[in-house]
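Asker: Below is the file coords15.cif, which contains mmCIF, C-alpha atoms and all ligand atoms.
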data_structure
#
loop_
_atom_site.label_atom_id
_atom_site.label_comp_id
_atom_site.auth_asym_id
_atom_site.auth_seq_id
_atom_site.Cartn_x
_atom_site.Cartn_y
_atom_site.Cartn_z
CA MET A 1 0.00 0.00 0.00
CA THR A 2 1.38 3.44 -0.91
CA THR A 3 0.93 6.34 1.49
CA GLY A 4 0.21 9.86 0.22
CA LEU A 5 1.05 13.19 1.85
CA ILE A 6 -1.53 15.83 2.76
CA VAL A 7 -0.24 19.23 3.87
CA ALA A 8 -2.42 21.13 6.37
CA ILE A 9 -2.58 24.77 5.31
CA ASP A 10 -3.76 26.23 8.61
CA THR A 11 -3.93 29.98 8.11
CA PRO A 12 -6.70 32.59 7.96
CA GLU A 13 -4.81 34.50 5.23
CA LEU A 14 -5.76 33.93 1.59
CA PRO A 15 -2.48 35.18 0.05
CA GLN A 16 -0.50 33.02 2.49
CA ALA A 17 -2.60 29.93 1.63
CA GLN A 18 -2.28 30.60 -2.10
CA ALA A 19 1.46 31.07 -1.78
CA MET A 20 1.98 27.87 0.23
CA ILE A 21 -0.25 25.82 -2.10
CA GLY A 22 1.63 27.29 -5.05
CA ARG A 23 5.02 26.42 -3.53
CA LEU A 24 3.95 22.83 -2.96
CA ARG A 25 2.24 22.41 -6.34
CA GLY A 26 3.97 19.78 -8.45
CA LEU A 27 5.67 18.05 -5.52
CA GLY A 28 2.91 15.45 -5.23
CA ALA A 29 1.28 16.48 -1.95
CA MET A 30 -2.41 17.37 -1.54
CA PRO A 31 -3.39 20.55 0.37
CA LYS A 32 -5.85 20.52 3.25
CA LEU A 33 -7.92 23.56 4.21
CA GLY A 34 -9.74 23.62 7.53
CA LEU A 35 -12.04 25.72 9.67
CA GLU A 36 -9.52 28.50 10.26
CA PHE A 37 -9.41 29.27 6.55
CA PHE A 38 -13.05 28.44 5.74
CA LEU A 39 -14.46 30.72 8.45
CA ALA A 40 -12.30 33.58 7.19
CA HIS A 41 -12.97 33.21 3.46
CA GLY A 42 -15.88 30.82 2.86
CA PRO A 43 -16.40 28.72 -0.26
CA ALA A 44 -15.16 31.46 -2.63
CA GLY A 45 -11.89 31.67 -0.74
CA VAL A 46 -11.48 27.90 -0.88
CA ALA A 47 -12.02 27.92 -4.65
CA ALA A 48 -9.53 30.77 -5.04
CA ALA A 49 -6.93 28.95 -2.96
CA VAL A 50 -7.11 25.52 -4.58
CA GLN A 51 -7.55 26.64 -8.20
CA GLY A 52 -9.42 23.51 -9.28
CA GLU A 53 -6.84 21.04 -7.95
CA PRO A 54 -7.66 18.12 -5.64
CA PHE A 55 -7.87 19.15 -1.98
CA PHE A 56 -9.11 18.01 1.42
CA LEU A 57 -11.78 20.17 3.07
CA ASP A 58 -11.46 19.36 6.78
CA LEU A 59 -14.44 21.01 8.47
CA LYS A 60 -15.11 18.14 10.94
CA LEU A 61 -18.87 18.64 10.85
CA HIS A 62 -20.55 17.80 14.17
CA ASP A 63 -24.25 18.64 14.50
CA ILE A 64 -27.65 16.99 14.25
CA PRO A 65 -28.06 14.80 11.14
CA ASN A 66 -30.33 17.22 9.24
CA THR A 67 -27.89 20.09 9.73
CA VAL A 68 -24.88 17.98 8.74
CA ALA A 69 -26.67 16.83 5.57
CA GLY A 70 -27.36 20.45 4.67
CA ALA A 71 -23.77 21.46 5.34
CA VAL A 72 -22.49 18.63 3.14
CA ARG A 73 -24.85 19.71 0.33
CA SER A 74 -23.50 23.25 0.67
CA ILE A 75 -19.88 22.21 0.26
CA LEU A 76 -20.31 19.61 -2.52
CA PRO A 77 -20.06 22.23 -5.31
CA LEU A 78 -16.46 22.83 -4.18
CA SER A 79 -15.65 19.21 -5.16
CA PRO A 80 -13.33 18.36 -2.28
CA THR A 81 -11.52 15.04 -2.65
CA LEU A 82 -12.00 14.32 1.06
CA LEU A 83 -14.40 15.78 3.64
CA THR A 84 -14.85 15.13 7.34
CA VAL A 85 -17.61 14.65 9.92
CA HIS A 86 -17.24 13.64 13.58
CA ALA A 87 -18.05 9.98 14.28
CA ALA A 88 -18.78 10.95 17.91
CA GLY A 89 -21.93 12.67 16.62
CA GLY A 90 -23.42 9.22 16.05
CA ALA A 91 -24.31 6.83 13.25
CA ALA A 92 -27.26 8.96 12.11
CA LEU A 93 -24.93 11.94 11.55
CA VAL A 94 -22.58 9.85 9.38
CA ALA A 95 -25.51 8.29 7.51
CA ALA A 96 -26.96 11.74 6.83
CA ALA A 97 -23.68 12.91 5.31
CA ARG A 98 -23.52 9.71 3.23
CA GLY A 99 -27.10 10.29 2.09
CA ALA A 100 -26.36 13.88 1.04
CA ILE A 101 -23.45 12.73 -1.13
CA ASP A 102 -25.37 9.80 -2.60
CA SER A 103 -28.41 11.97 -3.40
CA ALA A 104 -26.19 14.48 -5.20
CA ILE A 105 -24.65 11.66 -7.23
CA ALA A 106 -28.09 10.29 -8.13
CA GLU A 107 -29.39 13.74 -9.06
CA GLY A 108 -26.65 15.20 -11.13
CA GLY A 109 -23.65 13.26 -12.39
CA LEU A 110 -20.10 14.28 -11.62
CA PRO A 111 -19.32 17.84 -10.51
CA ALA A 112 -17.62 20.23 -12.92
CA GLY A 113 -13.90 19.99 -13.49
CA GLY A 114 -13.58 16.23 -13.85
CA HIS A 115 -13.38 15.68 -10.09
CA ALA A 116 -14.44 12.45 -8.42
CA TRP A 117 -17.10 12.60 -5.71
CA PRO A 118 -15.70 13.27 -2.25
CA ARG A 119 -14.73 10.42 0.02
CA LEU A 120 -16.51 10.75 3.36
CA LEU A 121 -14.18 10.47 6.36
CA ALA A 122 -15.27 10.15 9.98
CA VAL A 123 -12.98 11.64 12.62
CA THR A 124 -12.61 9.14 15.48
CA VAL A 125 -10.58 10.42 18.47
CA LEU A 126 -8.69 13.66 17.86
CA THR A 127 -4.92 13.16 17.82
CA SER A 128 -4.55 15.93 20.42
CA LEU A 129 -6.23 13.70 23.04
CA ASP A 130 -4.37 11.21 25.22
CA GLY A 131 -6.08 8.78 27.57
CA ALA A 132 -6.39 11.30 30.39
CA ALA A 133 -7.85 14.01 28.18
CA LEU A 134 -10.32 11.52 26.71
CA ALA A 135 -11.30 10.37 30.22
CA ALA A 136 -11.98 13.99 31.15
CA THR A 137 -14.64 14.08 28.43
CA GLY A 138 -16.40 11.14 30.09
CA VAL A 139 -14.98 8.36 27.90
CA ALA A 140 -13.30 5.90 30.27
CA ASP A 141 -11.81 3.73 27.51
CA GLN A 142 -8.31 4.29 26.19
CA PRO A 143 -8.13 6.03 22.78
CA GLU A 144 -7.54 2.76 20.90
CA ALA A 145 -10.75 1.19 22.24
CA GLN A 146 -12.76 4.32 21.51
CA VAL A 147 -11.31 4.54 17.98
CA ARG A 148 -12.27 0.90 17.43
CA ARG A 149 -15.83 1.58 18.62
CA LEU A 150 -16.26 4.75 16.51
CA ALA A 151 -14.70 3.09 13.46
CA GLY A 152 -17.31 0.32 13.53
CA LEU A 153 -20.08 2.87 13.95
CA ALA A 154 -18.86 5.15 11.15
CA LEU A 155 -17.99 2.49 8.58
CA GLY A 156 -21.29 0.77 9.32
CA ALA A 157 -23.10 4.06 8.63
CA GLY A 158 -21.45 4.52 5.25
CA ALA A 159 -18.18 6.40 5.79
CA ASP A 160 -15.51 5.67 3.18
CA GLY A 161 -12.77 6.06 5.73
CA LEU A 162 -11.56 7.35 9.05
CA VAL A 163 -9.30 9.96 10.58
CA CYS A 164 -7.26 8.40 13.37
CA SER A 165 -3.85 8.68 14.97
CA PRO A 166 -0.96 6.56 13.69
CA HIS A 167 -1.22 4.46 16.84
CA GLU A 168 -4.53 2.96 15.71
CA VAL A 169 -3.75 2.30 12.04
CA ALA A 170 -2.46 -1.27 12.37
CA MET A 171 -5.43 -2.22 14.56
CA LEU A 172 -7.88 -0.77 12.01
CA ARG A 173 -6.16 -2.53 9.10
CA GLU A 174 -6.39 -5.82 10.98
CA ALA A 175 -10.07 -5.26 11.74
CA TYR A 176 -11.22 -3.81 8.40
CA GLY A 177 -8.60 -4.74 5.81
CA ALA A 178 -7.29 -2.58 2.98
CA ASP A 179 -10.56 -0.90 1.94
CA PRO A 180 -11.13 2.01 4.35
CA VAL A 181 -9.28 5.23 3.57
CA LEU A 182 -7.20 5.89 6.68
CA VAL A 183 -6.14 9.54 6.95
CA VAL A 184 -3.62 10.05 9.71
CA PRO A 185 -2.61 13.33 11.39
CA GLY A 186 -0.38 13.41 14.46
CA ILE A 187 2.69 12.99 12.29
CA ARG A 188 6.06 14.37 13.32
CA PRO A 189 9.35 13.80 11.50
CA ALA A 190 12.02 12.52 13.89
CA GLY A 191 13.05 15.29 16.28
CA ALA A 192 10.12 17.61 15.49
CA ALA A 193 8.21 19.10 18.42
CA PRO A 194 4.79 17.47 18.98
CA GLY A 195 3.16 20.78 19.96
CA ASP A 196 -0.46 20.08 20.87
CA GLN A 197 -0.46 16.59 19.31
CA ALA A 198 -0.61 13.76 21.86
CA ARG A 199 -0.59 10.54 19.78
CA VAL A 200 2.24 10.95 17.27
CA MET A 201 4.53 8.87 15.08
CA THR A 202 6.99 9.56 12.27
CA PRO A 203 5.96 9.44 8.58
CA ARG A 204 7.83 6.14 8.15
CA GLU A 205 6.07 4.51 11.12
CA ALA A 206 2.62 5.63 9.94
CA ALA A 207 3.28 4.40 6.40
CA ARG A 208 4.49 1.02 7.64
CA ALA A 209 1.37 0.69 9.82
CA GLY A 210 -0.82 1.12 6.72
CA ALA A 211 -1.90 4.77 6.50
CA SER A 212 -3.53 5.74 3.18
CA TRP A 213 -2.57 9.37 3.73
CA ILE A 214 -0.57 11.16 6.40
CA VAL A 215 -1.39 14.76 7.32
CA VAL A 216 1.47 17.11 8.14
CA GLY A 217 0.99 20.80 8.94
CA ARG A 218 3.41 22.88 11.00
CA PRO A 219 6.53 20.75 10.39
CA ILE A 220 6.15 21.82 6.74
CA THR A 221 4.43 25.21 6.84
CA THR A 222 6.73 26.69 9.51
CA ALA A 223 9.90 25.16 8.05
CA ALA A 224 12.54 27.53 6.68
CA ASP A 225 12.26 25.62 3.39
CA PRO A 226 8.77 24.08 3.06
CA GLU A 227 9.58 22.49 -0.31
CA ALA A 228 12.60 20.71 1.17
CA ALA A 229 10.59 19.63 4.24
CA THR A 230 7.87 18.24 1.95
CA GLN A 231 10.35 16.43 -0.25
CA ALA A 232 12.08 14.90 2.79
CA ILE A 233 8.75 13.48 4.00
CA LEU A 234 7.86 12.19 0.52
CA ASP A 235 11.28 10.49 0.36
CA GLU A 236 10.68 8.94 3.79
CA LEU A 237 7.29 7.62 2.62
CA ALA A 238 8.77 6.22 -0.59
CA ALA A 239 11.43 4.36 1.40
CA ALA A 240 9.08 3.07 4.12
O1 LIG A 301 -7.51 14.15 14.92
C1 LIG A 301 -7.13 15.08 14.15
C2 LIG A 301 -7.89 15.51 13.08
C3 LIG A 301 -7.40 16.52 12.29
N1 LIG A 301 -6.21 17.10 12.54
C4 LIG A 301 -5.76 18.18 11.65
O2 LIG A 301 -4.50 17.82 11.05
C5 LIG A 301 -3.63 18.94 11.01
C6 LIG A 301 -2.37 18.61 11.78
O3 LIG A 301 -1.52 19.72 11.80
P1 LIG A 301 -0.08 19.68 12.48
O4 LIG A 301 0.40 21.10 12.35
O5 LIG A 301 0.75 18.69 11.70
O6 LIG A 301 -0.25 19.27 13.90
C7 LIG A 301 -4.42 20.14 11.53
O7 LIG A 301 -4.96 20.83 10.43
C8 LIG A 301 -5.54 19.52 12.34
O8 LIG A 301 -6.74 20.28 12.29
C9 LIG A 301 -5.47 16.68 13.61
O9 LIG A 301 -4.38 17.20 13.89
N2 LIG A 301 -5.95 15.66 14.38
#
Take the structure in the file and give it back as structure tokens.
Answerer:
Amino acid sequence: MTTGLIVAIDTPELPQAQAMIGRLRGLGAMPKLGLEFFLAHGPAGVAAAVQGEPFFLDLKLHDIPNTVAGAVRSILPLSPTLLTVHAAGGAALVAAARGAIDSAIAEGGLPAGGHAWPRLLAVTVLTSLDGAALAATGVADQPEAQVRRLAGLALGAGADGLVCSPHEVAMLREAYGADPVLVVPGIRPAGAAPGDQARVMTPREAARAGASWIVVGRPITTAADPEAATQAILDELAAA
């Protein structure tokens, strides 16, 4: 299994996002835009930043099913390659997002620009949470057990894949095989500071465990030479 690289472009500034996406264009990494950017610039800003290229829109939708379905319908015209909802919102939330995508497919054919329909990912346990932080939310299980539980719920409700930490990838591959798209943040090249990430591994470790994609933000975007940092991670993935 090959592992791709997603670069998290976490900024509220449109010129900065455009510049970073431009610098990385052609290296073979996919950009990810999240709430920080979307709340500042909305759908038009997203379209301006990605310029029709494949991208991951990581809004981590978490609301009642009807509202999530409406939000998914609102973002489908942007043709993201990947989009996210929170599995902790329940099976009906995930099923509503699935239904919104499937209805759009049934109603209208592929979106403009030759893009494929988005793959629906369910976020399991945020990579910033360790066991103690999870327990403080009222979940007594360790992260791995909670990821296992939410994975079953989300895949059963129609998610194409999951967002999890690298620590759960091997367990999920053993349980669900090669099919689910496993998108894995909490990645730090050897020696890089974890920052607010609690469950981390290196790119090589995540690739060997079976990640479909790894997500790397600050180790690339705050590097003195983001192109070189990206290339080093791509080389590490290719050698894994
Ligand atoms: O559990 C999750 C889900 C999403 N993320 C996102 O990934 C990037 C990670 O950025 P770094 O700078 O490499 O820490 C960021 O956009 C998060 O929103 C996550 O970290 N964990």
Asker: Find the spatial neighbours of stretch 170-179 of chain A, counting all atoms listed in the file, within a cut-off of 9 Å - ignore same-chain residues fewer than 5 positions away - and output them as a list of chain:residue names.
Answerer: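 Near neighbours after the sequence-gap exclusion: A:Met1, A:Glu144, A:Val147, A:Arg148, A:Ala151, A:Gly152, A:Asp160, A:Gly161, A:Ala206, A:Arg208, A:Ala209, A:Gly210, A:Ala211.
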Asker: Which of these, A:Thr67, A:Ser79, A:Gln18, A:Gln197, has the shortest distance to ligand LIG 301 (chain A) once you count only C-alpha atoms and all ligand atoms?
Answerer: A:Gln197
Asker: Identify, counting all atoms listed in the file, the protein, DNA and RNA residues located within 7 Å of ligand LIG 301 (chain A), and give them as a list in words.
Answerer: Ala8, Ile9, Asp10, Gly34, Val123, Val125, Leu126, Thr127, Ser128, Val163, Cys164, Ser165, Pro185, Gly186, Ile187, Gln197, Val215, Val216, Gly217, Arg218 and Pro219 of chain A
Asker: Rounded to one decimal place, report the atom CA of A:His86-atom CA of A:Gln146 distance in Å.
Answerer: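 About the pair atom CA of A:His86 and atom CA of A:Gln146: they are 13.0 Å apart.
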Asker: Write out as JSON, numbers by chain each polymer residue whose atoms come within 9 Å of A:Pro80, counting only C-alpha atoms; drop sequence neighbours fewer than 2 positions from it.
Answerer: {"A": [54, 55, 56, 57, 75, 76, 77, 78, 82, 83, 115, 116, 117, 118, 119]}
Asker: Would you put the residues from that selection into a file with C-alpha atoms, as a compact mmCIF listing (two decimals), in the frame of the given file?
Answerer:
# COMPACT_ATOMS: atom_id res chain seq x y z
CA PRO A 54 -7.66 18.12 -5.64
CA PHE A 55 -7.87 19.15 -1.98
CA PHE A 56 -9.11 18.01 1.42
CA LEU A 57 -11.78 20.17 3.07
CA ILE A 75 -19.88 22.21 0.26
CA LEU A 76 -20.31 19.61 -2.52
CA PRO A 77 -20.06 22.23 -5.31
CA LEU A 78 -16.46 22.83 -4.18
CA LEU A 82 -12.00 14.32 1.06
CA LEU A 83 -14.40 15.78 3.64
CA HIS A 115 -13.38 15.68 -10.09
CA ALA A 116 -14.44 12.45 -8.42
CA TRP A 117 -17.10 12.60 -5.71
CA PRO A 118 -15.70 13.27 -2.25
CA ARG A 119 -14.73 10.42 0.02
Asker: Set the distance at 8 Å and use all atoms listed in the file: which residues neighbour A:Ala229 once local chain neighbours fewer than 4 positions away are removed? I'd like the list as an NGL selection string.
Answerer: :A and (219-220 or 223 or 225 or 233)
Asker: From the list A:Ala136, A:Ala97, A:Ala87, A:Ile105, which residue is nearest A:Arg149 when using all atoms listed in the file?
Answerer: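 Counting all atoms listed in the file, the residue closest to A:Arg149 is A:Ala87.
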Asker: If you measure from atom CA of A:Asp130 to atom CA of A:Leu153, what distance in Å do you get, rounded to one decimal?
Answerer: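 Value for the atom CA of A:Asp130-atom CA of A:Leu153 distance: 21.1 Å.
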Asker: Using all atoms listed in the file, which residue out of A:Thr230, A:Thr84, A:Thr11, A:Thr221 lies closest to A:Ala154?
Answerer: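 Result for the nearest residue to A:Ala154: A:Thr84.
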Asker: What does the structure give for the distance between atom CA of A:Pro143 and atom CA of A:Val183, in Å to one decimal?
Answerer: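 These two atoms are separated by 16.3 Å.
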Asker: Counting all atoms listed in the file, what is within 12 Å of A:Ala19, bar same-chain residues fewer than 5 positions away, as a VMD selection string?
Answerer: chain A and resid 9 11 13 to 14 24 to 25 31 48 to 51 221 226 to 227
Asker: Keeping only C-alpha atoms, take the residues you just selected and write them out as a PDB file, keeping the file's coordinate frame.
Answerer:
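As written to disk, result-v4.pdb reads:
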ATOM      1  CA  ILE A   9      -2.580  24.770   5.310  1.00  0.00           C
ATOM      2  CA  THR A  11      -3.930  29.980   8.110  1.00  0.00           C
ATOM      3  CA  GLU A  13      -4.810  34.500   5.230  1.00  0.00           C
ATOM      4  CA  LEU A  14      -5.760  33.930   1.590  1.00  0.00           C
ATOM      5  CA  LEU A  24       3.950  22.830  -2.960  1.00  0.00           C
ATOM      6  CA  ARG A  25       2.240  22.410  -6.340  1.00  0.00           C
ATOM      7  CA  PRO A  31      -3.390  20.550   0.370  1.00  0.00           C
ATOM      8  CA  ALA A  48      -9.530  30.770  -5.040  1.00  0.00           C
ATOM      9  CA  ALA A  49      -6.930  28.950  -2.960  1.00  0.00           C
ATOM     10  CA  VAL A  50      -7.110  25.520  -4.580  1.00  0.00           C
ATOM     11  CA  GLN A  51      -7.550  26.640  -8.200  1.00  0.00           C
ATOM     12  CA  THR A 221       4.430  25.210   6.840  1.00  0.00           C
ATOM     13  CA  PRO A 226       8.770  24.080   3.060  1.00  0.00           C
ATOM     14  CA  GLU A 227       9.580  22.490  -0.310  1.00  0.00           C
TER      15      GLU A 227
END
Asker: Just checking: using only C-alpha atoms, which residue out of A:Val139, A:Leu129, A:Ala224, A:Leu150 ends up closest to A:Asp196?
Answerer: A:Leu129
Asker: Which residues are near A:Ala100? Cut-off 12 Å, all atoms listed in the file, ignore same chain within fewer than 2 positions. Put them as JSON, numbers by chain.
Answerer: {"A": [65, 66, 67, 68, 69, 70, 71, 72, 73, 74, 75, 76, 93, 94, 95, 96, 97, 98, 102, 103, 104, 105, 106, 107, 117, 118, 120, 158]}
Asker: Using all atoms listed in the file, which of the listed residues (A:Leu5, A:Ala238, A:Ala92, A:Gly191) sits closest to A:His62?
Answerer: A:Ala92
Asker: Ranking A:Gln16, A:Thr222, A:Thr202, A:Thr137 by minimum distance to A:Glu236 and counting all atoms listed in the file, which one comes first?
Answerer: A:Thr202
